[in-house]
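Source file structure17.cif; content: mmCIF, C-alpha atoms and all ligand atoms.
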data_run
#
loop_
_atom_site.label_atom_id
_atom_site.label_comp_id
_atom_site.auth_asym_id
_atom_site.auth_seq_id
_atom_site.Cartn_x
_atom_site.Cartn_y
_atom_site.Cartn_z
CA MET E 741 134.57 46.56 74.40
CA ARG E 742 132.98 49.61 72.76
CA VAL E 743 129.22 49.66 73.46
CA LEU E 744 126.79 52.23 72.06
CA THR E 745 123.08 52.80 72.25
CA GLY E 746 120.54 55.53 71.63
CA ILE E 747 117.03 56.42 72.71
CA GLN E 748 114.77 58.94 70.99
CA PRO E 749 113.75 61.98 73.03
CA THR E 750 110.07 61.58 72.21
CA ASN E 751 107.54 61.73 75.03
CA ILE E 752 108.64 60.33 78.34
CA LEU E 753 110.54 57.06 78.54
CA HIS E 754 108.52 54.02 79.57
CA ILE E 755 109.58 50.95 81.52
CA GLY E 756 110.17 49.07 78.22
CA ASN E 757 112.85 51.60 77.22
CA TYR E 758 114.23 51.54 80.74
CA PHE E 759 114.50 47.77 81.19
CA GLY E 760 115.00 46.95 77.51
CA ALA E 761 117.78 49.39 76.64
CA LEU E 762 118.80 51.87 79.32
CA LYS E 763 119.45 49.54 82.25
CA PRO E 764 121.33 46.90 80.19
CA ALA E 765 123.55 49.69 78.81
CA ILE E 766 124.24 51.05 82.29
CA GLU E 767 125.20 47.60 83.50
CA LEU E 768 127.85 47.48 80.77
CA GLN E 769 129.31 50.84 81.79
CA ARG E 770 131.41 49.32 84.57
CA GLU E 771 133.64 47.27 82.30
CA ASP E 772 133.00 48.63 78.84
CA ASP E 773 133.48 51.87 77.01
CA LEU E 774 129.85 53.06 76.80
CA PHE E 775 128.55 55.67 74.36
CA MET E 776 125.02 56.77 75.26
CA MET E 777 123.25 58.94 72.73
CA ILE E 778 120.15 61.13 72.68
CA VAL E 779 119.02 60.51 69.10
CA ASP E 780 117.22 63.75 68.37
CA LEU E 781 117.84 63.53 64.60
CA HIS E 782 115.86 60.31 64.64
CA ALA E 783 113.08 61.87 66.72
CA ILE E 784 112.39 64.54 64.06
CA THR E 785 111.57 61.94 61.40
CA VAL E 786 108.03 62.34 62.74
CA PRO E 787 106.70 65.86 63.49
CA GLN E 788 107.83 67.28 66.86
CA LYS E 789 106.84 70.54 68.52
CA PRO E 790 110.10 72.50 69.04
CA GLU E 791 109.45 73.55 72.67
CA GLN E 792 108.37 70.04 73.59
CA LEU E 793 111.37 68.47 71.86
CA GLN E 794 113.68 70.76 73.81
CA LYS E 795 112.03 69.63 77.06
CA ASN E 796 112.25 65.99 76.03
CA ILE E 797 115.98 66.31 75.35
CA ALA E 798 116.52 67.76 78.83
CA PHE E 799 114.34 65.02 80.31
CA ALA E 800 116.27 62.26 78.50
CA THR E 801 119.57 63.67 79.78
CA ALA E 802 118.25 63.81 83.34
CA ALA E 803 116.80 60.30 83.06
CA TYR E 804 120.06 58.79 81.82
CA LEU E 805 122.02 60.42 84.63
CA ALA E 806 119.43 59.45 87.24
CA ALA E 807 119.41 55.87 85.99
CA GLY E 808 123.14 55.71 86.61
CA ILE E 809 125.06 56.87 83.54
CA ASP E 810 128.29 58.26 84.94
CA PRO E 811 129.68 60.94 82.60
CA LYS E 812 133.16 60.30 83.97
CA LYS E 813 133.05 56.72 82.71
CA ALA E 814 130.62 56.87 79.79
CA THR E 815 130.22 59.37 76.96
CA LEU E 816 126.74 60.88 77.09
CA PHE E 817 126.01 62.98 74.02
CA GLN E 818 123.44 64.46 71.69
CA GLN E 819 123.38 63.21 68.12
CA SER E 820 122.62 66.58 66.46
CA ARG E 821 125.67 68.17 68.12
CA VAL E 822 127.97 65.80 66.27
CA PRO E 823 127.83 66.73 62.56
CA ALA E 824 129.48 63.47 61.50
CA HIS E 825 126.20 61.57 62.07
CA ALA E 826 124.32 63.42 59.33
CA GLU E 827 127.39 63.31 57.12
CA LEU E 828 128.04 59.58 57.37
CA GLY E 829 124.27 59.06 57.17
CA TRP E 830 124.38 60.62 53.70
CA LEU E 831 127.46 58.71 52.59
CA LEU E 832 125.82 55.43 53.65
CA GLN E 833 122.60 56.31 51.81
CA THR E 834 124.64 55.82 48.66
CA VAL E 835 125.50 52.30 49.84
CA ALA E 836 122.06 51.21 51.11
CA ARG E 837 119.54 49.84 48.61
CA MET E 838 115.88 50.78 48.21
CA GLY E 839 114.86 47.13 48.49
CA GLU E 840 116.52 46.61 51.85
CA LEU E 841 114.95 49.74 53.35
CA GLU E 842 111.55 48.79 51.97
CA ARG E 843 111.76 45.58 53.98
CA MET E 844 112.14 47.39 57.33
CA THR E 845 109.12 46.49 59.45
CA GLN E 846 109.35 49.59 61.67
CA PHE E 847 108.96 51.80 58.60
CA LYS E 848 106.08 49.69 57.35
CA ASP E 849 104.36 49.87 60.76
CA LYS E 850 104.82 53.61 61.12
CA SER E 851 103.89 54.49 57.55
CA THR E 852 101.07 52.11 56.61
CA ALA E 853 98.26 54.26 57.96
CA LYS E 854 99.78 57.46 56.58
CA GLY E 855 100.51 56.35 53.00
CA GLN E 856 102.75 58.80 51.13
CA ASN E 857 102.35 61.37 53.85
CA VAL E 858 105.47 60.48 55.86
CA SER E 859 108.87 62.15 55.80
CA VAL E 860 111.65 60.81 53.59
CA GLY E 861 113.69 60.78 56.81
CA LEU E 862 111.42 58.11 58.26
CA PHE E 863 112.35 55.89 55.33
CA THR E 864 116.10 56.49 55.54
CA TYR E 865 116.07 56.38 59.36
CA PRO E 866 117.83 52.99 59.61
CA VAL E 867 120.75 54.29 57.52
CA LEU E 868 121.28 57.12 59.99
CA MET E 869 121.15 54.55 62.77
CA ALA E 870 123.84 52.53 60.99
CA ALA E 871 125.96 55.69 60.79
CA ASP E 872 125.46 56.29 64.55
CA ILE E 873 126.85 52.86 65.29
CA LEU E 874 129.61 52.58 62.67
CA LEU E 875 131.18 55.98 63.45
CA TYR E 876 132.51 54.71 66.77
CA ASP E 877 133.83 51.24 65.86
CA THR E 878 131.01 49.94 68.06
CA GLN E 879 131.21 46.24 68.89
CA ALA E 880 127.95 45.77 70.80
CA VAL E 881 124.60 47.57 70.79
CA PRO E 882 122.15 46.94 73.68
CA VAL E 883 118.63 47.40 72.27
CA GLY E 884 115.12 46.02 72.49
CA GLU E 885 113.98 43.24 70.19
CA ASP E 886 112.29 45.75 67.82
CA GLN E 887 115.70 47.06 66.72
CA LYS E 888 117.13 43.69 65.68
CA GLN E 889 116.31 44.21 62.01
CA HIS E 890 118.00 47.64 62.02
CA LEU E 891 121.11 46.04 63.51
CA GLU E 892 121.12 43.43 60.76
CA LEU E 893 120.96 46.21 58.18
CA THR E 894 123.86 47.97 59.94
CA ARG E 895 125.91 44.80 59.72
CA ASP E 896 125.06 44.36 56.02
CA LEU E 897 126.03 47.96 55.22
CA ALA E 898 129.32 47.64 57.12
CA GLU E 899 130.19 44.40 55.35
CA ARG E 900 129.27 45.77 51.93
CA PHE E 901 131.28 48.94 52.51
CA ASN E 902 134.31 46.97 53.74
CA ARG E 903 134.09 44.71 50.69
CA ASP E 904 133.83 47.60 48.22
CA PHE E 905 136.22 50.10 49.79
CA GLY E 906 138.49 48.06 52.08
CA GLN E 907 138.32 47.38 55.81
CA THR E 908 136.83 50.53 57.37
CA PHE E 909 134.04 49.58 59.77
CA VAL E 910 133.76 47.21 62.73
CA VAL E 911 130.74 44.91 62.24
CA PRO E 912 128.60 45.31 65.42
CA LYS E 913 126.44 42.80 67.31
CA PRO E 914 123.13 43.46 69.05
CA ILE E 915 122.71 42.64 72.75
CA ILE E 916 119.06 41.78 73.36
CA ASN E 917 117.96 40.83 76.86
CA ILE E 918 115.55 37.87 76.87
CA ALA E 919 113.51 39.01 79.87
CA SER E 920 113.27 42.68 78.95
CA GLY E 921 113.83 42.89 75.19
CA ARG E 922 110.13 43.06 74.43
CA ILE E 923 107.88 44.41 77.15
CA LEU E 924 104.28 44.21 75.97
CA ALA E 925 101.55 46.84 76.05
CA LEU E 926 99.48 46.58 79.24
CA ASP E 927 96.24 47.18 77.37
CA ASN E 928 97.03 44.75 74.53
CA PRO E 929 99.54 41.93 75.00
CA ASP E 930 99.65 41.33 71.23
CA ILE E 931 101.78 44.45 70.70
CA LYS E 932 104.84 45.97 72.37
CA MET E 933 104.74 48.77 74.90
CA SER E 934 105.19 52.02 72.99
CA LYS E 935 105.66 55.71 73.82
CA SER E 936 103.56 56.78 70.87
CA ALA E 937 100.55 54.60 71.74
CA PRO E 938 97.22 56.45 71.55
CA SER E 939 96.21 55.38 75.07
CA PRO E 940 98.41 55.95 78.14
CA LYS E 941 97.07 52.64 79.46
CA ASN E 942 99.49 51.03 77.01
CA TYR E 943 102.56 51.86 79.10
CA ILE E 944 103.98 52.77 82.48
CA SER E 945 105.99 55.94 82.04
CA LEU E 946 109.04 56.47 84.23
CA MET E 947 107.22 59.50 85.69
CA ASP E 948 103.82 57.95 86.41
CA ASP E 949 102.76 58.61 90.01
CA ALA E 950 101.82 55.84 92.44
CA ASP E 951 98.07 56.02 91.84
CA THR E 952 98.46 55.99 88.07
CA ILE E 953 100.73 52.94 88.30
CA ARG E 954 98.20 51.15 90.53
CA LYS E 955 95.34 51.92 88.14
CA LYS E 956 97.25 50.89 85.03
CA ILE E 957 98.43 47.58 86.51
CA LYS E 958 94.95 46.84 87.87
CA SER E 959 93.42 47.28 84.42
CA ALA E 960 96.22 45.42 82.58
CA VAL E 961 94.71 42.91 80.14
CA THR E 962 95.33 39.27 81.10
CA ASP E 963 93.07 36.26 80.51
CA SER E 964 90.19 34.44 82.12
CA GLU E 965 92.04 31.27 83.04
CA SER E 966 92.39 30.64 86.75
CA GLY E 967 95.70 30.29 88.57
CA ILE E 968 99.10 31.77 87.83
CA SER E 969 101.43 30.04 85.38
CA ILE E 970 104.22 30.96 82.99
CA ASP E 971 102.73 30.17 79.63
CA ASP E 972 103.28 31.66 76.17
CA ALA E 973 99.56 31.22 75.58
CA ARG E 974 99.00 33.73 78.42
CA PRO E 975 101.10 36.66 77.16
CA GLY E 976 99.48 39.35 79.33
CA LEU E 977 100.21 37.42 82.51
CA LYS E 978 103.72 36.48 81.35
CA ASN E 979 104.42 40.15 80.71
CA LEU E 980 103.36 41.09 84.26
CA LEU E 981 105.58 38.32 85.66
CA ALA E 982 108.49 39.58 83.55
CA ILE E 983 108.02 43.13 84.85
CA PHE E 984 107.77 41.77 88.41
CA HIS E 985 111.05 39.92 87.85
CA LEU E 986 112.72 43.05 86.43
CA VAL E 987 111.80 45.25 89.39
CA THR E 988 112.56 42.72 92.15
CA ASP E 989 115.24 40.50 90.55
CA GLU E 990 113.32 37.47 91.82
CA PRO E 991 113.15 34.66 89.20
CA MET E 992 109.83 34.53 87.32
CA SER E 993 109.25 30.89 88.29
CA GLU E 994 109.46 31.72 92.01
CA ILE E 995 107.06 34.62 91.62
CA ALA E 996 104.63 32.41 89.69
CA THR E 997 104.77 29.70 92.38
CA ARG E 998 104.23 32.22 95.16
CA TYR E 999 101.05 33.55 93.54
CA GLU E 1000 99.76 30.22 92.22
CA ASN E 1001 96.98 30.13 94.79
CA LYS E 1002 96.84 33.79 95.71
CA GLY E 1003 95.52 34.75 92.30
CA MET E 1004 95.73 37.60 89.82
CA LYS E 1005 94.32 40.33 92.04
CA ASN E 1006 97.04 39.89 94.67
CA LEU E 1007 99.71 39.55 92.03
CA LYS E 1008 98.67 42.83 90.42
CA GLU E 1009 98.47 44.67 93.73
CA ASP E 1010 101.91 43.54 94.83
CA LEU E 1011 103.44 44.20 91.41
CA ALA E 1012 102.06 47.74 91.46
CA GLU E 1013 103.64 48.37 94.89
CA ALA E 1014 106.97 46.90 93.75
CA LEU E 1015 106.95 49.15 90.68
CA VAL E 1016 106.12 52.23 92.74
CA ALA E 1017 108.98 51.43 95.13
CA HIS E 1018 111.33 50.93 92.19
CA LEU E 1019 110.40 54.10 90.32
CA GLU E 1020 110.02 56.59 93.18
CA PRO E 1021 113.74 57.05 93.93
CA LEU E 1022 114.45 57.31 90.20
CA GLN E 1023 111.76 59.98 89.79
CA LYS E 1024 113.20 61.99 92.65
CA LYS E 1025 116.67 61.90 91.07
CA ILE E 1026 115.29 62.86 87.65
CA ASN E 1027 113.49 65.86 89.18
CA ASP E 1028 116.67 66.91 90.99
CA TYR E 1029 118.68 66.83 87.74
CA LEU E 1030 115.96 68.79 85.94
CA LYS E 1031 116.37 71.58 88.49
CA ASN E 1032 119.93 72.00 87.31
CA PRO E 1033 119.87 72.77 83.56
CA ASP E 1034 123.42 74.17 83.57
CA GLU E 1035 124.79 70.85 84.76
CA LEU E 1036 122.80 68.98 82.09
CA GLU E 1037 124.12 71.33 79.41
CA LYS E 1038 127.71 70.83 80.57
CA VAL E 1039 127.46 67.04 80.58
CA VAL E 1040 125.97 66.93 77.08
CA SER E 1041 128.31 69.51 75.64
CA ASP E 1042 131.44 67.81 77.04
CA GLY E 1043 130.21 64.39 75.90
CA SER E 1044 129.37 65.67 72.43
CA LEU E 1045 132.83 67.22 72.01
CA LYS E 1046 134.46 63.92 72.92
CA ALA E 1047 132.19 61.99 70.54
CA ALA E 1048 132.79 64.49 67.73
CA GLU E 1049 136.52 63.97 67.89
CA ILE E 1050 136.19 60.23 67.26
CA ALA E 1051 133.38 60.59 64.75
CA SER E 1052 135.04 63.22 62.58
CA ALA E 1053 138.20 61.12 62.28
CA LYS E 1054 136.06 58.23 61.06
CA VAL E 1055 134.26 60.36 58.47
CA ALA E 1056 137.62 61.64 57.19
CA ARG E 1057 138.74 58.04 56.72
CA VAL E 1058 135.49 57.12 54.94
CA LYS E 1059 135.86 60.06 52.55
CA GLU E 1060 139.43 59.05 51.84
CA VAL E 1061 138.59 55.44 50.94
CA MET E 1062 135.60 56.54 48.85
CA GLY E 1063 137.85 58.80 46.79
CA LEU E 1064 136.38 62.10 47.98
CA ARG E 1065 139.76 63.63 48.72
CA LEU E 1066 142.29 65.19 46.36
CA ALA E 1067 145.24 62.84 45.86
P1 LIG E 1101 112.82 54.32 71.21
O1 LIG E 1101 111.92 54.84 72.24
O2 LIG E 1101 112.08 53.79 70.04
O3 LIG E 1101 113.93 55.25 70.88
O4 LIG E 1101 113.49 53.04 71.85
C1 LIG E 1101 114.59 53.12 72.72
C2 LIG E 1101 115.07 51.75 73.12
O5 LIG E 1101 114.08 51.09 73.89
C3 LIG E 1101 115.39 50.83 71.94
O6 LIG E 1101 116.53 50.04 72.24
C4 LIG E 1101 114.18 49.96 71.85
O7 LIG E 1101 114.45 48.71 71.27
C5 LIG E 1101 113.82 49.81 73.31
N1 LIG E 1101 112.38 49.53 73.45
C6 LIG E 1101 111.36 50.25 72.95
N2 LIG E 1101 110.17 49.69 73.26
C7 LIG E 1101 110.47 48.58 73.99
C8 LIG E 1101 109.67 47.57 74.63
N3 LIG E 1101 108.35 47.60 74.58
N4 LIG E 1101 110.31 46.59 75.28
C9 LIG E 1101 111.66 46.56 75.35
N5 LIG E 1101 112.46 47.47 74.79
C10 LIG E 1101 111.89 48.47 74.12
N1 LIG E 1102 116.27 53.36 66.35
C1 LIG E 1102 116.45 53.26 67.78
C2 LIG E 1102 115.06 53.13 68.41
O1 LIG E 1102 114.09 53.65 67.97
C3 LIG E 1102 117.16 54.43 68.33
C4 LIG E 1102 118.55 54.54 67.80
C5 LIG E 1102 119.03 55.42 66.90
C6 LIG E 1102 119.66 53.70 68.18
N2 LIG E 1102 120.37 55.24 66.70
C7 LIG E 1102 120.78 54.19 67.44
C8 LIG E 1102 119.79 52.62 69.02
C9 LIG E 1102 122.03 53.58 67.55
C10 LIG E 1102 121.05 52.00 69.13
C11 LIG E 1102 122.15 52.49 68.40
O2 LIG E 1102 114.93 52.53 69.40
#

What would you get if you wrote out this structure as structure tokens?
Amino acid sequence: MRVLTGIQPTNILHIGNYFGALKPAIELQREDDLFMMIVDLHAITVPQKPEQLQKNIAFATAAYLAAGIDPKKATLFQQSRVPAHAELGWLLQTVARMGELERMTQFKDKSTAKGQNVSVGLFTYPVLMAADILLYDTQAVPVGEDQKQHLELTRDLAERFNRDFGQTFVVPKPIINIASGRILALDNPDIKMSKSAPSPKNYISLMDDADTIRKKIKSAVTDSESGISIDDARPGLKNLLAIFHLVTDEPMSEIATRYENKGMKNLKEDLAEALVAHLEPLQKKINDYLKNPDELEKVVSDGSLKAAEIASAKVARVKEVMGLRLA
């Protein structure tokens, strides 16, 4: 099966990105043909400082390798190095409708406060994402819950294109993990954990040190009810139990039973230690990769060449069926 996913190189990845998208993708690498993409063209739909963006791209590469992407098995590449993404993105903009993009909740969320003062790219962002996916005959896309609507748009565009121009694109399916598809903000369990949150208390970054992790978990917002239970009416607590499950693999129900009488304070302390133990080896590997920029460059450049070969053949086919070639 062809599997593809992408993460934006903005700020440092948090545990929501890691458990929601990166880890599920890596688990598929063993049996499936995985394409893992650094989506820098998506990142620039909101202003980025060039030097910082460059660092974030290197960090993302190091993080993917440290988390277990094996460049011998998977194709790890950078979106902007493969010209076919921007090209198919344009071609699909002529297929997408204003109305369907106006319905995208991510655009609404990111633009509401800013009014007209957002880039046009932020609006057409989901069309570029559709191009990313459709270029590679992708069958499955591991993502967090927040990307479900973009996947539905991708499916609609593929079906519409196939109907109008003949069978060209594979219609992809999302893979959304129930336990990790929506990790909530630690400081507000009504919203998801997010890299661009104004307060760092919102998230645990993959690079947070032990003391920061302890402090953030200690101050995580829960509720005033006593005892530990798995309950949708207690979203802050449920989120902590989910994270505990993700770092230890122990079922949530067993964790909840174990802490039933021990209480929130103990649960938080032990969760913080489990997270520290989980992230420390990953952090060490990331730092080791970052010391070796030549190796990072080689991995990304080889991966991007391989991706470009597949993607340019697809764009050629799209142009042909759209009538953009001389007879
Ligand atoms: P982004 O950082 O927006 O590029 O997101 C990269 C991937 O992480 C996407 O598949 C998102 O759906 C996923 N993701 C982002 N935030 C969360 C979250 N809070 N919980 C689970 N997955 C997430
Ligand atoms: N829009 C995705 C996000 O913010 C990132 C992304 C871009 C992506 N292109 C993709 C994810 C293709 C999966 C497949 O999370």

(Q) Can you pull out every residue with an atom within 10 Å of ligand LIG 1102 (chain E)? Use all atoms listed in the file and format it as an MDAnalysis selection string. (A) chainID E and resid 743:750 757 760:761 775:783 819 825 846 865:874 878 880:888 890:891 894 914

Once you have the residues from the selection above, write them out as a PDB file, keeping the file's coordinate frame, restricted to C-alpha atoms.
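Below you can see result17.pdb, which holds the result:
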ATOM      1  CA  VAL E 743     129.220  49.660  73.460  1.00  0.00           C
ATOM      2  CA  LEU E 744     126.790  52.230  72.060  1.00  0.00           C
ATOM      3  CA  THR E 745     123.080  52.800  72.250  1.00  0.00           C
ATOM      4  CA  GLY E 746     120.540  55.530  71.630  1.00  0.00           C
ATOM      5  CA  ILE E 747     117.030  56.420  72.710  1.00  0.00           C
ATOM      6  CA  GLN E 748     114.770  58.940  70.990  1.00  0.00           C
ATOM      7  CA  PRO E 749     113.750  61.980  73.030  1.00  0.00           C
ATOM      8  CA  THR E 750     110.070  61.580  72.210  1.00  0.00           C
ATOM      9  CA  ASN E 757     112.850  51.600  77.220  1.00  0.00           C
ATOM     10  CA  GLY E 760     115.000  46.950  77.510  1.00  0.00           C
ATOM     11  CA  ALA E 761     117.780  49.390  76.640  1.00  0.00           C
ATOM     12  CA  PHE E 775     128.550  55.670  74.360  1.00  0.00           C
ATOM     13  CA  MET E 776     125.020  56.770  75.260  1.00  0.00           C
ATOM     14  CA  MET E 777     123.250  58.940  72.730  1.00  0.00           C
ATOM     15  CA  ILE E 778     120.150  61.130  72.680  1.00  0.00           C
ATOM     16  CA  VAL E 779     119.020  60.510  69.100  1.00  0.00           C
ATOM     17  CA  ASP E 780     117.220  63.750  68.370  1.00  0.00           C
ATOM     18  CA  LEU E 781     117.840  63.530  64.600  1.00  0.00           C
ATOM     19  CA  HIS E 782     115.860  60.310  64.640  1.00  0.00           C
ATOM     20  CA  ALA E 783     113.080  61.870  66.720  1.00  0.00           C
ATOM     21  CA  GLN E 819     123.380  63.210  68.120  1.00  0.00           C
ATOM     22  CA  HIS E 825     126.200  61.570  62.070  1.00  0.00           C
ATOM     23  CA  GLN E 846     109.350  49.590  61.670  1.00  0.00           C
ATOM     24  CA  TYR E 865     116.070  56.380  59.360  1.00  0.00           C
ATOM     25  CA  PRO E 866     117.830  52.990  59.610  1.00  0.00           C
ATOM     26  CA  VAL E 867     120.750  54.290  57.520  1.00  0.00           C
ATOM     27  CA  LEU E 868     121.280  57.120  59.990  1.00  0.00           C
ATOM     28  CA  MET E 869     121.150  54.550  62.770  1.00  0.00           C
ATOM     29  CA  ALA E 870     123.840  52.530  60.990  1.00  0.00           C
ATOM     30  CA  ALA E 871     125.960  55.690  60.790  1.00  0.00           C
ATOM     31  CA  ASP E 872     125.460  56.290  64.550  1.00  0.00           C
ATOM     32  CA  ILE E 873     126.850  52.860  65.290  1.00  0.00           C
ATOM     33  CA  LEU E 874     129.610  52.580  62.670  1.00  0.00           C
ATOM     34  CA  THR E 878     131.010  49.940  68.060  1.00  0.00           C
ATOM     35  CA  ALA E 880     127.950  45.770  70.800  1.00  0.00           C
ATOM     36  CA  VAL E 881     124.600  47.570  70.790  1.00  0.00           C
ATOM     37  CA  PRO E 882     122.150  46.940  73.680  1.00  0.00           C
ATOM     38  CA  VAL E 883     118.630  47.400  72.270  1.00  0.00           C
ATOM     39  CA  GLY E 884     115.120  46.020  72.490  1.00  0.00           C
ATOM     40  CA  GLU E 885     113.980  43.240  70.190  1.00  0.00           C
ATOM     41  CA  ASP E 886     112.290  45.750  67.820  1.00  0.00           C
ATOM     42  CA  GLN E 887     115.700  47.060  66.720  1.00  0.00           C
ATOM     43  CA  LYS E 888     117.130  43.690  65.680  1.00  0.00           C
ATOM     44  CA  HIS E 890     118.000  47.640  62.020  1.00  0.00           C
ATOM     45  CA  LEU E 891     121.110  46.040  63.510  1.00  0.00           C
ATOM     46  CA  THR E 894     123.860  47.970  59.940  1.00  0.00           C
ATOM     47  CA  PRO E 914     123.130  43.460  69.050  1.00  0.00           C
TER      48      PRO E 914
END

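Candidate residues E:Ser1052, E:Thr845, E:Thr785, E:Gln879 were compared for distance to E:Val860, and the nearest is E:Thr785, using all atoms listed in the file.
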
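Here atom CA of E:Asn928 is placed at a distance of 7.2 Å from atom CA of E:Asn942.
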
Need the axis-aligned box for ligand LIG 1101 (chain E) with 5 Å each side, so what are the centre and edges in Å to one decimal, as lines of an AutoDock Vina configuration file?
center_x = 112.4
center_y = 50.9
center_z = 72.7
size_x = 18.2
size_y = 18.7
size_z = 15.3

Q: Identify which of the residues E:Ile995, E:Ala973, E:Ala1012, E:Ala937 lies closest to E:Ser959, counting all atoms listed in the file when measuring atom-to-atom distances.
A: E:Ala1012

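Ranking E:Leu1030, E:Leu893, E:Val858, E:Ala814 by their shortest atom-to-atom distance to E:Gly839, with only C-alpha atoms included, puts E:Leu893 first.
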
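We find atom CA of E:Leu875 and atom CA of E:Ala1051 to be spaced 5.3 Å apart.
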
Q. Suppose you want the space between atom N1 of ligand LIG 1101 (chain E) and atom CA of E:Pro787; what is it in Å?
A. 20.0 Å

**Q.** Best match for closeness to ligand LIG 1101 (chain E) among E:Lys854, E:Arg742, E:Lys932, E:Arg895, counting all atoms listed in the file
**A.** E:Lys932

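Using only C-alpha atoms, the smallest distance between any of E:Met741, E:Thr997, E:Glu771, E:Glu990 and E:Pro912 comes from E:Met741.
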
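For the choices E:Leu897, E:Ala824, E:Leu1036, E:Leu981, the atom-to-atom distance to E:Arg837 is smallest for E:Leu897 when using only C-alpha atoms.
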
I need stretch 866-890 of chain E written out with C-alpha atoms, as a PDB file, in the first residue's frame; please produce it.
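Result file result_14.pdb:
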ATOM      1  CA  PRO E 866      -5.919  22.458   1.056  1.00  0.00           C
ATOM      2  CA  VAL E 867      -5.615  22.282  -2.747  1.00  0.00           C
ATOM      3  CA  LEU E 868      -1.837  22.054  -2.458  1.00  0.00           C
ATOM      4  CA  MET E 869      -2.333  19.331   0.131  1.00  0.00           C
ATOM      5  CA  ALA E 870      -4.558  17.450  -2.308  1.00  0.00           C
ATOM      6  CA  ALA E 871      -1.805  17.753  -4.929  1.00  0.00           C
ATOM      7  CA  ASP E 872       0.757  16.376  -2.420  1.00  0.00           C
ATOM      8  CA  ILE E 873      -1.360  13.298  -1.939  1.00  0.00           C
ATOM      9  CA  LEU E 874      -2.656  12.705  -5.474  1.00  0.00           C
ATOM     10  CA  LEU E 875       0.762  12.978  -7.151  1.00  0.00           C
ATOM     11  CA  TYR E 876       1.850   9.655  -5.679  1.00  0.00           C
ATOM     12  CA  ASP E 877      -1.249   7.478  -6.152  1.00  0.00           C
ATOM     13  CA  THR E 878      -1.473   7.524  -2.353  1.00  0.00           C
ATOM     14  CA  GLN E 879      -3.937   5.046  -0.871  1.00  0.00           C
ATOM     15  CA  ALA E 880      -3.726   5.968   2.813  1.00  0.00           C
ATOM     16  CA  VAL E 881      -2.810   9.141   4.697  1.00  0.00           C
ATOM     17  CA  PRO E 882      -2.031   8.912   8.450  1.00  0.00           C
ATOM     18  CA  VAL E 883      -3.018  12.261   9.993  1.00  0.00           C
ATOM     19  CA  GLY E 884      -4.552  13.787  13.092  1.00  0.00           C
ATOM     20  CA  GLU E 885      -8.287  14.369  13.338  1.00  0.00           C
ATOM     21  CA  ASP E 886      -7.887  18.058  12.334  1.00  0.00           C
ATOM     22  CA  GLN E 887      -6.934  17.028   8.786  1.00  0.00           C
ATOM     23  CA  LYS E 888     -10.017  14.906   8.128  1.00  0.00           C
ATOM     24  CA  GLN E 889     -11.830  17.688   6.286  1.00  0.00           C
ATOM     25  CA  HIS E 890      -8.803  18.306   4.035  1.00  0.00           C
TER      26      HIS E 890
END
